[in-house]
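The next block is run_16.txt, given as compact mmCIF, C-alpha atoms and all ligand atoms.
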# COMPACT_ATOMS: atom_id res chain seq x y z
CA MET E 74 0.00 0.00 0.00
CA ILE E 75 1.23 3.47 -0.81
CA ARG E 76 0.98 5.79 2.18
CA LYS E 77 0.73 9.54 2.38
CA ILE E 78 3.85 11.60 3.00
CA LYS E 79 4.65 12.11 6.68
CA GLY E 80 3.20 15.34 8.00
CA THR E 81 0.40 15.62 5.42
CA MET E 82 -3.32 15.16 5.96
CA ASP E 83 -6.30 13.43 4.38
CA ILE E 84 -9.42 15.39 5.18
CA PHE E 85 -12.80 13.68 4.86
CA PRO E 86 -16.18 15.41 4.42
CA GLU E 87 -17.05 15.82 8.11
CA GLU E 88 -13.81 17.65 8.87
CA ALA E 89 -13.74 19.35 5.47
CA ALA E 90 -17.15 20.84 6.35
CA LEU E 91 -15.54 22.40 9.42
CA PHE E 92 -12.70 23.80 7.32
CA GLN E 93 -15.25 25.19 4.87
CA TYR E 94 -17.13 26.83 7.70
CA ILE E 95 -13.96 28.35 9.16
CA GLU E 96 -12.80 29.51 5.72
CA GLY E 97 -16.22 31.01 5.07
CA VAL E 98 -15.95 33.11 8.22
CA MET E 99 -12.43 34.18 7.23
CA ARG E 100 -13.52 35.24 3.75
CA GLU E 101 -16.54 37.13 5.05
CA GLU E 102 -14.58 38.99 7.69
CA ALA E 103 -11.75 39.82 5.24
CA GLN E 104 -14.32 41.23 2.84
CA ASN E 105 -16.00 43.26 5.60
CA PHE E 106 -12.60 44.84 6.23
CA GLY E 107 -12.15 45.59 2.53
CA PHE E 108 -9.53 42.93 1.79
CA GLY E 109 -9.65 41.26 -1.63
CA GLU E 110 -8.40 37.76 -2.35
CA ILE E 111 -5.01 37.32 -4.01
CA ARG E 112 -3.89 33.98 -5.50
CA THR E 113 -0.23 33.37 -6.18
CA PRO E 114 1.67 30.24 -7.29
CA THR E 115 2.33 27.32 -4.96
CA PHE E 116 6.02 27.36 -5.91
CA GLU E 117 8.44 30.17 -6.62
CA ASN E 118 12.09 30.73 -7.33
CA THR E 119 13.96 29.69 -4.19
CA GLU E 120 15.71 33.04 -4.20
CA LEU E 121 12.42 34.79 -3.38
CA PHE E 122 12.11 33.03 -0.02
CA VAL E 123 15.82 33.24 0.75
CA ARG E 124 15.58 37.01 0.40
CA GLY E 125 11.99 37.50 1.48
CA VAL E 126 11.85 35.23 4.53
CA GLY E 127 15.51 35.60 5.46
CA ASP E 128 18.50 33.34 5.05
CA THR E 129 19.13 33.16 8.80
CA THR E 130 15.69 31.71 9.54
CA ASP E 131 14.95 28.07 10.34
CA VAL E 132 12.28 28.19 7.65
CA VAL E 133 14.84 28.84 4.93
CA GLN E 134 17.79 26.98 6.43
CA LYS E 135 16.08 23.78 7.52
CA GLU E 136 12.44 23.60 6.51
CA MET E 137 12.03 24.52 2.86
CA TYR E 138 11.02 21.98 0.19
CA THR E 139 13.55 22.94 -2.45
CA PHE E 140 14.31 21.09 -5.66
CA ALA E 141 15.87 21.52 -9.07
CA ASP E 142 13.40 22.32 -11.82
CA ARG E 143 13.43 20.07 -14.88
CA ASP E 144 14.24 22.84 -17.26
CA GLU E 145 16.86 25.55 -16.95
CA ASN E 146 19.23 25.14 -14.12
CA ARG E 147 16.82 26.58 -11.65
CA SER E 148 16.04 25.96 -7.99
CA ILE E 149 12.42 26.25 -6.99
CA SER E 150 10.71 25.90 -3.61
CA LEU E 151 7.23 25.15 -2.38
CA ARG E 152 6.03 28.23 -0.52
CA PRO E 153 6.72 28.03 3.22
CA GLU E 154 4.54 31.12 3.83
CA GLY E 155 2.50 33.63 1.87
CA THR E 156 3.97 37.09 2.32
CA ALA E 157 7.01 36.89 0.04
CA SER E 158 4.89 35.76 -2.93
CA VAL E 159 2.36 38.53 -2.40
CA VAL E 160 5.11 41.13 -2.31
CA ARG E 161 6.68 39.70 -5.47
CA ALA E 162 3.30 39.73 -7.23
CA LEU E 163 2.74 43.32 -6.18
CA ILE E 164 6.05 44.49 -7.57
CA GLU E 165 5.90 42.36 -10.72
CA ASN E 166 2.39 43.54 -11.62
CA GLY E 167 2.99 47.23 -10.96
CA LYS E 168 0.51 47.44 -8.09
CA CYS E 169 2.79 49.59 -5.95
CA SER E 170 1.62 52.76 -7.70
CA GLU E 171 -2.09 52.16 -7.09
CA ALA E 172 -4.15 54.00 -4.47
CA MET E 173 -3.12 53.00 -0.96
CA PRO E 174 -3.69 51.07 1.13
CA LEU E 175 -3.63 47.79 -0.80
CA LYS E 176 -5.40 45.08 1.17
CA TYR E 177 -5.14 41.41 0.25
CA TYR E 178 -6.04 38.11 1.86
CA TYR E 179 -5.42 34.48 0.96
CA ILE E 180 -6.20 30.97 2.16
CA ILE E 181 -3.35 28.73 1.04
CA SER E 182 -1.39 25.61 1.80
CA CYS E 183 2.22 26.10 2.91
CA PHE E 184 5.03 23.57 3.13
CA ARG E 185 7.70 23.23 5.80
CA HIS E 186 9.83 20.21 6.62
CA GLU E 187 9.18 20.28 10.38
CA LYS E 188 8.75 17.58 12.99
CA PRO E 189 5.08 16.62 12.67
CA GLN E 190 3.01 16.78 15.87
CA ALA E 191 -0.40 18.05 16.97
CA GLY E 192 -0.82 21.45 15.32
CA ARG E 193 2.38 21.14 13.30
CA SER E 194 2.43 19.47 9.91
CA ARG E 195 4.52 19.63 6.75
CA GLU E 196 1.69 20.78 4.54
CA PHE E 197 -0.48 23.18 6.49
CA PHE E 198 -3.18 25.71 5.74
CA GLN E 199 -2.99 29.36 6.42
CA PHE E 200 -5.35 32.32 6.25
CA GLY E 201 -3.18 35.36 5.68
CA THR E 202 -3.64 39.08 5.11
CA GLU E 203 -1.28 41.77 3.88
CA MET E 204 -1.84 45.52 3.89
CA PHE E 205 0.54 47.88 2.09
CA GLY E 206 1.08 51.60 1.84
CA THR E 207 0.35 52.81 5.35
CA ASP E 208 2.63 53.05 8.34
CA SER E 209 -0.17 54.17 10.65
CA PRO E 210 -0.65 52.32 13.94
CA TYR E 211 -4.35 52.44 13.04
CA ALA E 212 -3.54 50.14 10.11
CA ASP E 213 -1.87 47.81 12.63
CA ALA E 214 -4.99 47.98 14.81
CA THR E 215 -7.21 47.27 11.78
CA THR E 216 -5.18 44.20 10.82
CA ILE E 217 -5.31 42.91 14.40
CA ALA E 218 -9.04 43.67 14.53
CA LEU E 219 -9.61 41.48 11.47
CA ALA E 220 -7.92 38.46 13.09
CA HIS E 221 -9.76 39.25 16.32
CA SER E 222 -13.09 39.33 14.57
CA VAL E 223 -12.49 35.92 12.99
CA PHE E 224 -11.85 34.50 16.48
CA ARG E 225 -14.94 36.28 17.82
CA ARG E 226 -17.15 34.88 15.03
CA LEU E 227 -15.80 31.37 15.67
CA GLY E 228 -16.57 31.64 19.39
CA LEU E 229 -12.89 31.39 20.39
CA LEU E 230 -12.37 34.66 22.21
CA PRO E 231 -12.51 33.34 25.73
CA ASN E 232 -9.63 31.00 24.93
CA VAL E 233 -7.61 32.91 22.37
CA LYS E 234 -5.66 35.86 23.76
CA LEU E 235 -3.93 38.68 21.92
CA HIS E 236 -0.27 39.36 22.78
CA ILE E 237 1.39 42.44 21.30
CA ASN E 238 4.89 43.84 21.27
CA SER E 239 7.04 46.23 19.27
CA ILE E 240 10.47 45.15 18.12
CA GLY E 241 11.60 48.56 16.90
CA CYS E 242 12.88 49.84 13.60
CA PRO E 243 16.31 50.10 11.94
CA ALA E 244 16.93 53.18 14.13
CA CYS E 245 16.44 51.53 17.52
CA ARG E 246 17.15 47.87 16.70
CA PRO E 247 20.98 48.11 16.76
CA THR E 248 21.11 49.42 20.34
CA TYR E 249 18.68 46.74 21.46
CA ARG E 250 20.58 44.10 19.55
CA GLN E 251 23.76 45.08 21.37
CA SER E 252 22.08 44.96 24.77
CA LEU E 253 20.88 41.45 23.96
CA ILE E 254 24.35 40.37 22.89
CA ASP E 255 25.76 41.74 26.14
CA TYR E 256 23.12 39.99 28.23
CA TYR E 257 23.34 36.58 26.55
CA SER E 258 27.13 36.66 26.27
CA ALA E 259 27.24 36.90 30.05
CA HIS E 260 25.11 33.71 30.23
CA LYS E 261 26.59 31.90 27.26
CA GLU E 262 27.14 28.63 29.12
CA CYS E 263 23.35 28.31 29.76
CA ILE E 264 22.05 28.71 26.21
CA CYS E 265 21.44 25.96 23.66
CA ASP E 266 23.79 25.37 20.72
CA THR E 267 21.38 26.90 18.20
CA CYS E 268 21.17 30.02 20.34
CA LYS E 269 24.95 30.24 20.48
CA GLU E 270 24.79 30.56 16.70
CA ARG E 271 21.84 32.95 16.90
CA LEU E 272 23.86 35.17 19.22
CA VAL E 273 26.14 35.91 16.29
CA LYS E 274 23.64 35.81 13.42
CA ASN E 275 20.35 37.06 14.81
CA PRO E 276 20.29 37.75 18.56
CA LEU E 277 16.62 38.81 18.57
CA ARG E 278 15.72 35.19 17.83
CA LEU E 279 17.06 34.09 21.24
CA ILE E 280 13.99 35.55 22.91
CA ASP E 281 11.86 33.15 20.87
CA CYS E 282 13.76 29.93 21.73
CA LYS E 283 11.61 27.11 23.13
CA ASN E 284 14.51 25.39 24.96
CA PRO E 285 13.61 25.57 28.70
CA ASP E 286 16.99 27.05 29.75
CA CYS E 287 16.86 29.68 27.02
CA ALA E 288 13.20 30.44 27.80
CA ALA E 289 14.08 30.95 31.50
CA LEU E 290 16.85 33.36 30.55
CA ALA E 291 14.56 35.19 28.14
CA LYS E 292 12.32 36.18 31.05
CA GLU E 293 15.04 38.45 32.46
CA ALA E 294 16.40 39.59 29.09
CA PRO E 295 16.34 43.26 28.05
CA ARG E 296 12.93 44.17 26.64
CA THR E 297 12.42 45.61 23.19
CA THR E 298 9.85 48.03 24.55
CA ASP E 299 12.47 49.59 26.86
CA ALA E 300 14.74 50.32 23.90
CA LEU E 301 12.29 51.84 21.41
CA CYS E 302 13.09 55.14 19.68
CA GLU E 303 10.63 57.99 20.03
CA GLY E 304 8.78 57.17 16.79
CA CYS E 305 8.36 53.47 17.58
CA SER E 306 7.36 54.20 21.13
CA GLU E 307 4.72 56.69 20.01
CA ASN E 308 3.36 54.24 17.42
CA PHE E 309 3.13 51.51 20.03
CA GLU E 310 1.18 53.81 22.38
CA LYS E 311 -1.17 54.75 19.53
CA LEU E 312 -1.72 51.10 18.69
CA LYS E 313 -2.71 50.41 22.29
CA SER E 314 -5.09 53.39 22.33
CA ALA E 315 -6.66 52.19 19.08
CA LEU E 316 -7.15 48.66 20.44
CA ASP E 317 -8.64 50.14 23.62
CA ALA E 318 -11.00 52.27 21.54
CA MET E 319 -12.07 49.21 19.55
CA GLY E 320 -12.66 47.22 22.72
CA ILE E 321 -10.00 44.63 21.83
CA GLU E 322 -8.26 43.14 24.85
CA TYR E 323 -4.53 42.48 24.74
CA VAL E 324 -1.45 41.91 26.85
CA VAL E 325 1.92 43.48 26.13
CA ASP E 326 4.28 40.53 25.89
CA PRO E 327 8.02 41.19 25.49
CA ALA E 328 8.55 37.53 24.51
CA ILE E 329 6.81 38.04 21.17
CA VAL E 330 9.52 38.67 18.59
CA ARG E 331 8.28 36.50 15.68
CA GLY E 332 10.33 33.99 13.75
CA LEU E 333 10.84 35.68 10.41
CA ASP E 334 13.52 38.22 9.57
CA TYR E 335 11.43 40.94 8.05
CA TYR E 336 9.41 42.24 10.98
CA THR E 337 9.71 45.85 12.20
CA GLY E 338 7.70 47.68 14.85
CA THR E 339 4.42 46.02 15.79
CA VAL E 340 4.41 42.23 16.22
CA PHE E 341 1.56 40.17 17.62
CA GLU E 342 0.32 36.68 18.26
CA PHE E 343 -3.01 35.20 19.19
CA ILE E 344 -2.38 32.35 21.61
CA ALA E 345 -4.93 29.64 22.41
CA GLU E 346 -5.26 27.88 25.72
CA GLY E 347 -5.86 24.16 25.90
CA ILE E 348 -4.45 23.05 22.54
CA GLY E 349 -1.00 21.93 23.67
CA ALA E 350 2.43 23.22 22.77
CA GLN E 351 1.57 24.59 19.30
CA SER E 352 -0.59 27.29 20.78
CA THR E 353 0.09 30.23 18.46
CA VAL E 354 -2.96 30.24 16.25
CA CYS E 355 -2.06 33.49 14.51
CA GLY E 356 1.14 35.48 14.20
CA GLY E 357 1.88 38.69 12.40
CA GLY E 358 3.41 42.09 12.37
CA ARG E 359 4.73 45.02 10.43
CA TYR E 360 7.40 44.56 7.77
CA ASN E 361 8.32 47.98 6.49
CA GLY E 362 11.57 46.96 4.81
CA LEU E 363 10.33 43.94 2.88
CA VAL E 364 8.95 45.49 -0.32
CA SER E 365 12.09 47.53 -0.96
CA SER E 366 14.35 44.60 -0.10
CA LEU E 367 12.63 42.58 -2.84
CA GLY E 368 13.25 45.33 -5.39
CA GLY E 369 10.08 47.40 -4.98
CA PRO E 370 9.58 50.93 -3.71
CA ASP E 371 9.78 51.90 -0.07
CA LEU E 372 6.30 50.66 0.80
CA PRO E 373 5.36 49.78 4.38
CA GLY E 374 3.36 46.62 5.05
CA ILE E 375 1.65 44.68 7.80
CA GLY E 376 0.04 41.26 7.86
CA PHE E 377 -0.57 38.01 9.67
CA GLY E 378 -0.76 34.27 9.11
CA MET E 379 -3.40 32.18 10.88
CA GLY E 380 -3.04 28.39 10.97
CA LEU E 381 -6.33 26.70 10.09
CA THR E 382 -5.55 23.41 11.82
CA ARG E 383 -4.69 25.20 15.04
CA VAL E 384 -7.93 27.19 14.80
CA LEU E 385 -9.75 23.89 14.43
CA LEU E 386 -7.93 22.44 17.46
CA ALA E 387 -8.93 25.49 19.48
CA MET E 388 -12.55 25.02 18.43
CA ARG E 389 -12.36 21.33 19.29
CA ALA E 390 -11.00 22.18 22.76
CA LEU E 391 -14.18 24.20 23.37
CA GLY E 392 -16.51 21.63 21.79
CA LEU E 393 -17.25 24.02 18.92
CA ASP E 394 -16.44 21.48 16.23
CA LYS E 395 -19.88 19.93 15.89
CA LEU E 396 -21.62 21.38 12.90
CA ALA E 397 -25.15 20.31 12.12
CA PRO E 398 -24.77 17.90 9.17
CA LYS E 399 -26.58 18.80 5.98
CA VAL E 400 -29.65 16.60 5.76
CA PRO E 401 -31.63 15.77 2.63
CA LYS E 402 -34.98 17.48 2.22
CA LEU E 403 -36.23 14.36 0.48
CA TYR E 404 -35.28 10.72 0.17
CA ILE E 405 -37.13 8.69 -2.43
CA ALA E 406 -37.33 4.97 -1.77
CA THR E 407 -38.10 2.93 -4.87
CA LEU E 408 -39.30 -0.50 -5.85
CA GLY E 409 -38.70 -1.56 -9.45
CA GLU E 410 -36.90 -0.26 -12.51
CA GLY E 411 -39.66 2.16 -13.61
CA ALA E 412 -39.80 3.73 -10.15
CA SER E 413 -36.02 4.24 -10.15
CA LEU E 414 -36.19 6.27 -13.35
CA VAL E 415 -39.07 8.38 -12.02
CA ALA E 416 -37.13 8.94 -8.74
CA LEU E 417 -33.99 9.96 -10.63
CA SER E 418 -35.98 12.49 -12.63
CA ILE E 419 -37.58 13.92 -9.46
CA VAL E 420 -34.32 14.35 -7.52
CA GLU E 421 -32.74 15.96 -10.57
CA ARG E 422 -35.68 18.38 -10.85
CA LEU E 423 -35.49 19.26 -7.14
CA ARG E 424 -31.70 19.79 -7.21
CA LYS E 425 -32.20 22.27 -10.04
CA GLU E 426 -34.40 24.17 -7.56
CA GLY E 427 -31.55 24.10 -5.03
CA VAL E 428 -33.00 21.31 -2.90
CA TYR E 429 -30.84 18.49 -1.50
CA ALA E 430 -32.61 15.29 -2.54
CA GLU E 431 -31.54 11.65 -2.83
CA CYS E 432 -32.89 8.37 -4.09
CA ASP E 433 -31.59 4.82 -4.03
CA ILE E 434 -28.56 4.29 -6.28
CA VAL E 435 -27.28 1.19 -4.52
CA GLY E 436 -30.08 -1.31 -5.16
CA ARG E 437 -31.07 -1.75 -1.52
CA SER E 438 -34.26 -3.49 -0.41
CA LEU E 439 -37.15 -1.19 0.45
CA LYS E 440 -36.59 -1.81 4.16
CA ALA E 441 -32.90 -1.00 3.88
CA GLN E 442 -33.69 2.15 1.90
CA MET E 443 -35.97 3.42 4.68
CA LYS E 444 -33.28 2.66 7.24
CA TYR E 445 -30.78 4.62 5.15
CA ALA E 446 -33.20 7.57 4.81
CA ASN E 447 -33.41 7.63 8.61
CA LYS E 448 -29.66 7.52 8.93
CA LEU E 449 -29.32 10.51 6.60
CA GLY E 450 -32.00 12.30 8.62
CA ALA E 451 -34.16 13.01 5.57
CA GLU E 452 -36.95 15.51 6.30
CA TYR E 453 -39.40 13.89 3.88
CA THR E 454 -39.65 10.52 2.16
CA LEU E 455 -41.55 9.26 -0.82
CA ILE E 456 -42.09 5.60 -1.54
CA VAL E 457 -42.50 4.94 -5.24
CA GLY E 458 -43.43 1.56 -6.72
CA ASP E 459 -45.18 0.45 -9.93
CA ALA E 460 -48.62 1.53 -8.67
CA GLU E 461 -47.39 5.06 -7.86
CA VAL E 462 -45.67 5.35 -11.23
CA GLU E 463 -48.91 4.32 -12.89
CA ALA E 464 -51.02 6.79 -10.87
CA GLY E 465 -48.42 9.59 -11.15
CA LYS E 466 -48.98 10.24 -7.44
CA ALA E 467 -47.47 9.15 -4.12
CA PRO E 468 -47.78 10.08 -0.41
CA LEU E 469 -45.06 12.50 0.74
CA ARG E 470 -44.27 11.69 4.35
CA ASN E 471 -42.96 14.22 6.87
CA MET E 472 -40.57 12.06 8.87
CA GLN E 473 -40.81 14.25 11.97
CA SER E 474 -44.59 14.50 12.30
CA GLY E 475 -45.58 11.39 10.36
CA GLU E 476 -48.02 13.52 8.35
CA GLN E 477 -48.64 12.46 4.76
CA THR E 478 -49.80 14.46 1.76
CA GLU E 479 -50.39 13.14 -1.69
CA VAL E 480 -48.23 14.83 -4.36
CA GLU E 481 -48.13 14.76 -8.15
CA LEU E 482 -44.83 13.06 -9.00
CA ALA E 483 -44.29 15.08 -12.17
CA THR E 484 -44.75 18.52 -10.69
CA PHE E 485 -44.49 18.72 -6.87
CA THR E 486 -41.91 21.10 -5.40
CA PHE E 487 -40.68 22.44 -2.05
CA LEU E 488 -40.51 26.06 -3.26
P1 LIG A 1 5.58 28.40 15.28
O1 LIG A 1 6.31 29.26 16.24
O2 LIG A 1 4.41 27.72 15.86
O3 LIG A 1 6.51 27.48 14.53
P2 LIG A 1 5.82 30.29 13.16
O4 LIG A 1 6.29 31.52 13.80
O5 LIG A 1 6.78 29.43 12.44
O6 LIG A 1 4.98 29.40 14.20
P3 LIG A 1 4.42 31.70 11.07
O7 LIG A 1 5.44 31.50 10.04
O8 LIG A 1 4.24 33.04 11.62
O9 LIG A 1 4.58 30.62 12.23
O10 LIG A 1 3.01 31.18 10.51
C1 LIG A 1 1.78 31.72 10.95
C2 LIG A 1 0.87 30.68 11.54
O11 LIG A 1 0.82 29.52 10.73
C3 LIG A 1 1.32 30.14 12.89
O12 LIG A 1 0.93 31.00 13.92
C4 LIG A 1 0.59 28.82 12.95
O13 LIG A 1 -0.74 29.00 13.36
C5 LIG A 1 0.64 28.37 11.54
N1 LIG A 1 1.75 27.41 11.31
C6 LIG A 1 3.06 27.68 11.14
N2 LIG A 1 3.76 26.56 10.91
C7 LIG A 1 2.86 25.54 10.96
C8 LIG A 1 2.95 24.12 10.80
N3 LIG A 1 4.10 23.52 10.51
N4 LIG A 1 1.82 23.38 10.91
C9 LIG A 1 0.64 23.96 11.18
N5 LIG A 1 0.48 25.29 11.32
C10 LIG A 1 1.57 26.08 11.22
MG MG A 2 7.76 27.69 12.92

What would you get if you wrote out this structure as structure tokens?
Amino acid sequence: MIRKIKGTMDIFPEEAALFQYIEGVMREEAQNFGFGEIRTPTFENTELFVRGVGDTTDVVQKEMYTFADRDENRSISLRPEGTASVVRALIENGKCSEAMPLKYYYIISCFRHEKPQAGRSREFFQFGTEMFGTDSPYADATTIALAHSVFRRLGLLPNVKLHINSIGCPACRPTYRQSLIDYYSAHKECICDTCKERLVKNPLRLIDCKNPDCAALAKEAPRTTDALCEGCSENFEKLKSALDAMGIEYVVDPAIVRGLDYYTGTVFEFIAEGIGAQSTVCGGGRYNGLVSSLGGPDLPGIGFGMGLTRVLLAMRALGLDKLAPKVPKLYIATLGEGASLVALSIVERLRKEGVYAECDIVGRSLKAQMKYANKLGAEYTLIVGDAEVEAGKAPLRNMQSGEQTEVELATFTFL
């Protein structure tokens, strides 16, 4: 037997219905905030992610699905996230000169070679948004409000909490970076090997390390918010005022620094209780340097990525994963060849009117058909045999009340 690739998922109708429901809420909320859908390719030139995500990140160094293309001597990669592709598309299609802000959303699969566990897979699904062309903290608040409103609609707010932080800009980052280097250098013997490397390459990432010793040290580490320049500090205050004004609760959390290289200023995560170690259901922030670093103009941006599986786990933890199944309006049980053809023509007519209707296509006995109709939870049933075909009429039975009304087989409708 051929098995699926480790870290991928097969999703059957019951669970797919939940994904559809969650995605529906995401699309509706995105549209209510004026975000339009953008679709970009599943794979891109590897170079895009190396530059766009950052060559010091785990995502690029260890997790990317990279391979040689068949033609040209080209390296391509499955997308590990959505932002870099959106920025490339923007630049390539000349969107940077349109009226600002530009607001896009997407629901995509992403690929990362990670250790599979609950809430962490190698192909995963993400709802993401990107907004370009405004550096206002009110844009940050609007982006956060969109994620927040998805969680509210899904009934997750009691369990999903917003954590915000600011990690500063190119003006204040170097001073902070140095204070981190000083702090961690003094405790070098306690940090993990990866963090020893990070100390040289990207000290900010130490704050994010999940190793227990590193995490303990991070608690006492210098805080980004104590090192912000005047501009960043003012923006962070305005963001908090905006969230207060919108009635969105948050905690300021100096441990939020985000994994990817391109973040500046505001960073945030929504963290769910009760879903285990992979508790960040949504992460995002501002990335003012990204568009220019990929060859576009100096265009500020902010966005987030929300993991669909983790959202589903959070719903499951609260018992919110039981959707009412779609039940047929009508099940037609048949006896005989002529009745089958009449039933097929009726269900086809009803479906054209937007009604969910079924009839026997298995060849079950009449008794087994009625049992199946019950299992499906059909609202009405019709039993059609030779006599009914002849008369052109049959009793339509309301399965709940037991009430029966005679209907004309050729013309009856639920409209
Ligand atoms: P984590 O710290 O959990 O690894 P991350 O910082 O790598 O997350 P992002 O790149 O910001 O995550 O992606 C945004 C969101 O996508 C995450 O908050 C999470 O909900 C989801 N996500 C990321 N990686 C995975 C994965 N391997 N499997 C399932 N969901 C994921
Ligand atoms: Mg990760």

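The coordinates place atom CA of Gly338 of chain E at 10.4 Å from atom CA of Cys302 of chain E.
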
Can you list every residue of chain E that has an atom at most 9 Å from ligand MG 2 (chain A), with its nearest atom pair and the distance in Å to one decimal, using only C-alpha atoms and all ligand atoms, ordered by chain then number, as CSV?
residue,atom,partner,partner_atom,distance
E:Asp131,CA,A:MG2,MG,7.6
E:Val132,CA,A:MG2,MG,7.0
E:Glu136,CA,A:MG2,MG,8.9
E:Arg185,CA,A:MG2,MG,8.4
E:Glu187,CA,A:MG2,MG,8.0
E:Arg193,CA,A:MG2,MG,8.5
E:Gly332,CA,A:MG2,MG,6.9
E:Leu333,CA,A:MG2,MG,8.9

Contacts to ligand LIG 1 (chain A) at 7 Å cut-off (only C-alpha atoms and all ligand atoms) as a count of residues only: 27

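Using only C-alpha atoms, the nearest neighbour of Val273 of chain E within the list E:Ser258, E:Asn232, E:Asn361, E:Ser170 is E:Ser258.
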
Point (-3.4, 23.7, 19.4), cut-off 7 Å, counting only C-alpha atoms, residues as number ranges by chain: E: 191-192, 345, 347-352, 383, 386-387

Selection near Ala464 of chain E, 12 Å with only C-alpha atoms, sequence-local residues under 5 positions removed, as an MDAnalysis selection string: chainID E and resid 412 457:459 479:483

Resulting file, chosen residues, C-alpha atoms, as a PDB file, in the frame of the given file:
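The resulting file, result-v7.pdb, is shown below:
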ATOM      1  CA  ALA E 412     -39.800   3.730 -10.150  1.00  0.00           C
ATOM      2  CA  VAL E 457     -42.500   4.940  -5.240  1.00  0.00           C
ATOM      3  CA  GLY E 458     -43.430   1.560  -6.720  1.00  0.00           C
ATOM      4  CA  ASP E 459     -45.180   0.450  -9.930  1.00  0.00           C
ATOM      5  CA  GLU E 479     -50.390  13.140  -1.690  1.00  0.00           C
ATOM      6  CA  VAL E 480     -48.230  14.830  -4.360  1.00  0.00           C
ATOM      7  CA  GLU E 481     -48.130  14.760  -8.150  1.00  0.00           C
ATOM      8  CA  LEU E 482     -44.830  13.060  -9.000  1.00  0.00           C
ATOM      9  CA  ALA E 483     -44.290  15.080 -12.170  1.00  0.00           C
TER      10      ALA E 483
END

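From atom CA of Tyr429 of chain E back to atom CA of Gln477 of chain E, the distance works out to 19.8 Å.
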
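Around Tyr94 of chain E, within 12 Å and counting only C-alpha atoms, the residues found are Pro86, Glu87, Glu88, Ala89, Ala90, Leu91, Phe92, Glu96, Gly97, Val98, Met99, Arg100, Glu101, Val223, Arg226, Leu227, Leu381, Val384, Leu385, Met388, Leu393, Asp394, Lys395, Leu396, Ala397 and Pro398 of chain E, once anything fewer than 2 positions away on its own chain is removed.
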
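For the pair atom CA of Leu279 of chain E and atom CA of Arg246 of chain E, the interatomic distance is 14.5 Å.
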
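Every protein, DNA or RNA residue with an atom at most 7 Å from Tyr360 of chain E, where all atoms listed in the file count and chain neighbours fewer than 3 positions away do not, is listed here: Tyr335, Tyr336, Thr337, Leu363, Pro373, Gly374 and Ile375 of chain E.
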
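Near Val400 of chain E, within 12 Å and counting all atoms listed in the file, sit Leu396, Tyr404, Val428, Tyr429, Ala430, Glu431, Ala446, Asn447, Lys448, Leu449, Gly450, Ala451, Glu452 and Tyr453 of chain E; same-chain residues fewer than 4 positions away were not included.
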
Since we have the selection now, will you write its residues out, keeping C-alpha atoms, as a PDB file, keeping the file's coordinate frame?
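Wrote it out as selection34.pdb, contents follow:
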ATOM      1  CA  LEU E 396     -21.620  21.380  12.900  1.00  0.00           C
ATOM      2  CA  TYR E 404     -35.280  10.720   0.170  1.00  0.00           C
ATOM      3  CA  VAL E 428     -33.000  21.310  -2.900  1.00  0.00           C
ATOM      4  CA  TYR E 429     -30.840  18.490  -1.500  1.00  0.00           C
ATOM      5  CA  ALA E 430     -32.610  15.290  -2.540  1.00  0.00           C
ATOM      6  CA  GLU E 431     -31.540  11.650  -2.830  1.00  0.00           C
ATOM      7  CA  ALA E 446     -33.200   7.570   4.810  1.00  0.00           C
ATOM      8  CA  ASN E 447     -33.410   7.630   8.610  1.00  0.00           C
ATOM      9  CA  LYS E 448     -29.660   7.520   8.930  1.00  0.00           C
ATOM     10  CA  LEU E 449     -29.320  10.510   6.600  1.00  0.00           C
ATOM     11  CA  GLY E 450     -32.000  12.300   8.620  1.00  0.00           C
ATOM     12  CA  ALA E 451     -34.160  13.010   5.570  1.00  0.00           C
ATOM     13  CA  GLU E 452     -36.950  15.510   6.300  1.00  0.00           C
ATOM     14  CA  TYR E 453     -39.400  13.890   3.880  1.00  0.00           C
TER      15      TYR E 453
END

Spatial neighbours of Gly206 of chain E, 9 Å, all atoms listed in the file, chain gap at least 6 places, as a ChimeraX atom specification: /E:169,172-175,371-374

Top pick for closest residue to Lys425 of chain E, considering E:Phe487, E:Arg359, E:Asp334, E:Met204 and counting only C-alpha atoms: E:Phe487
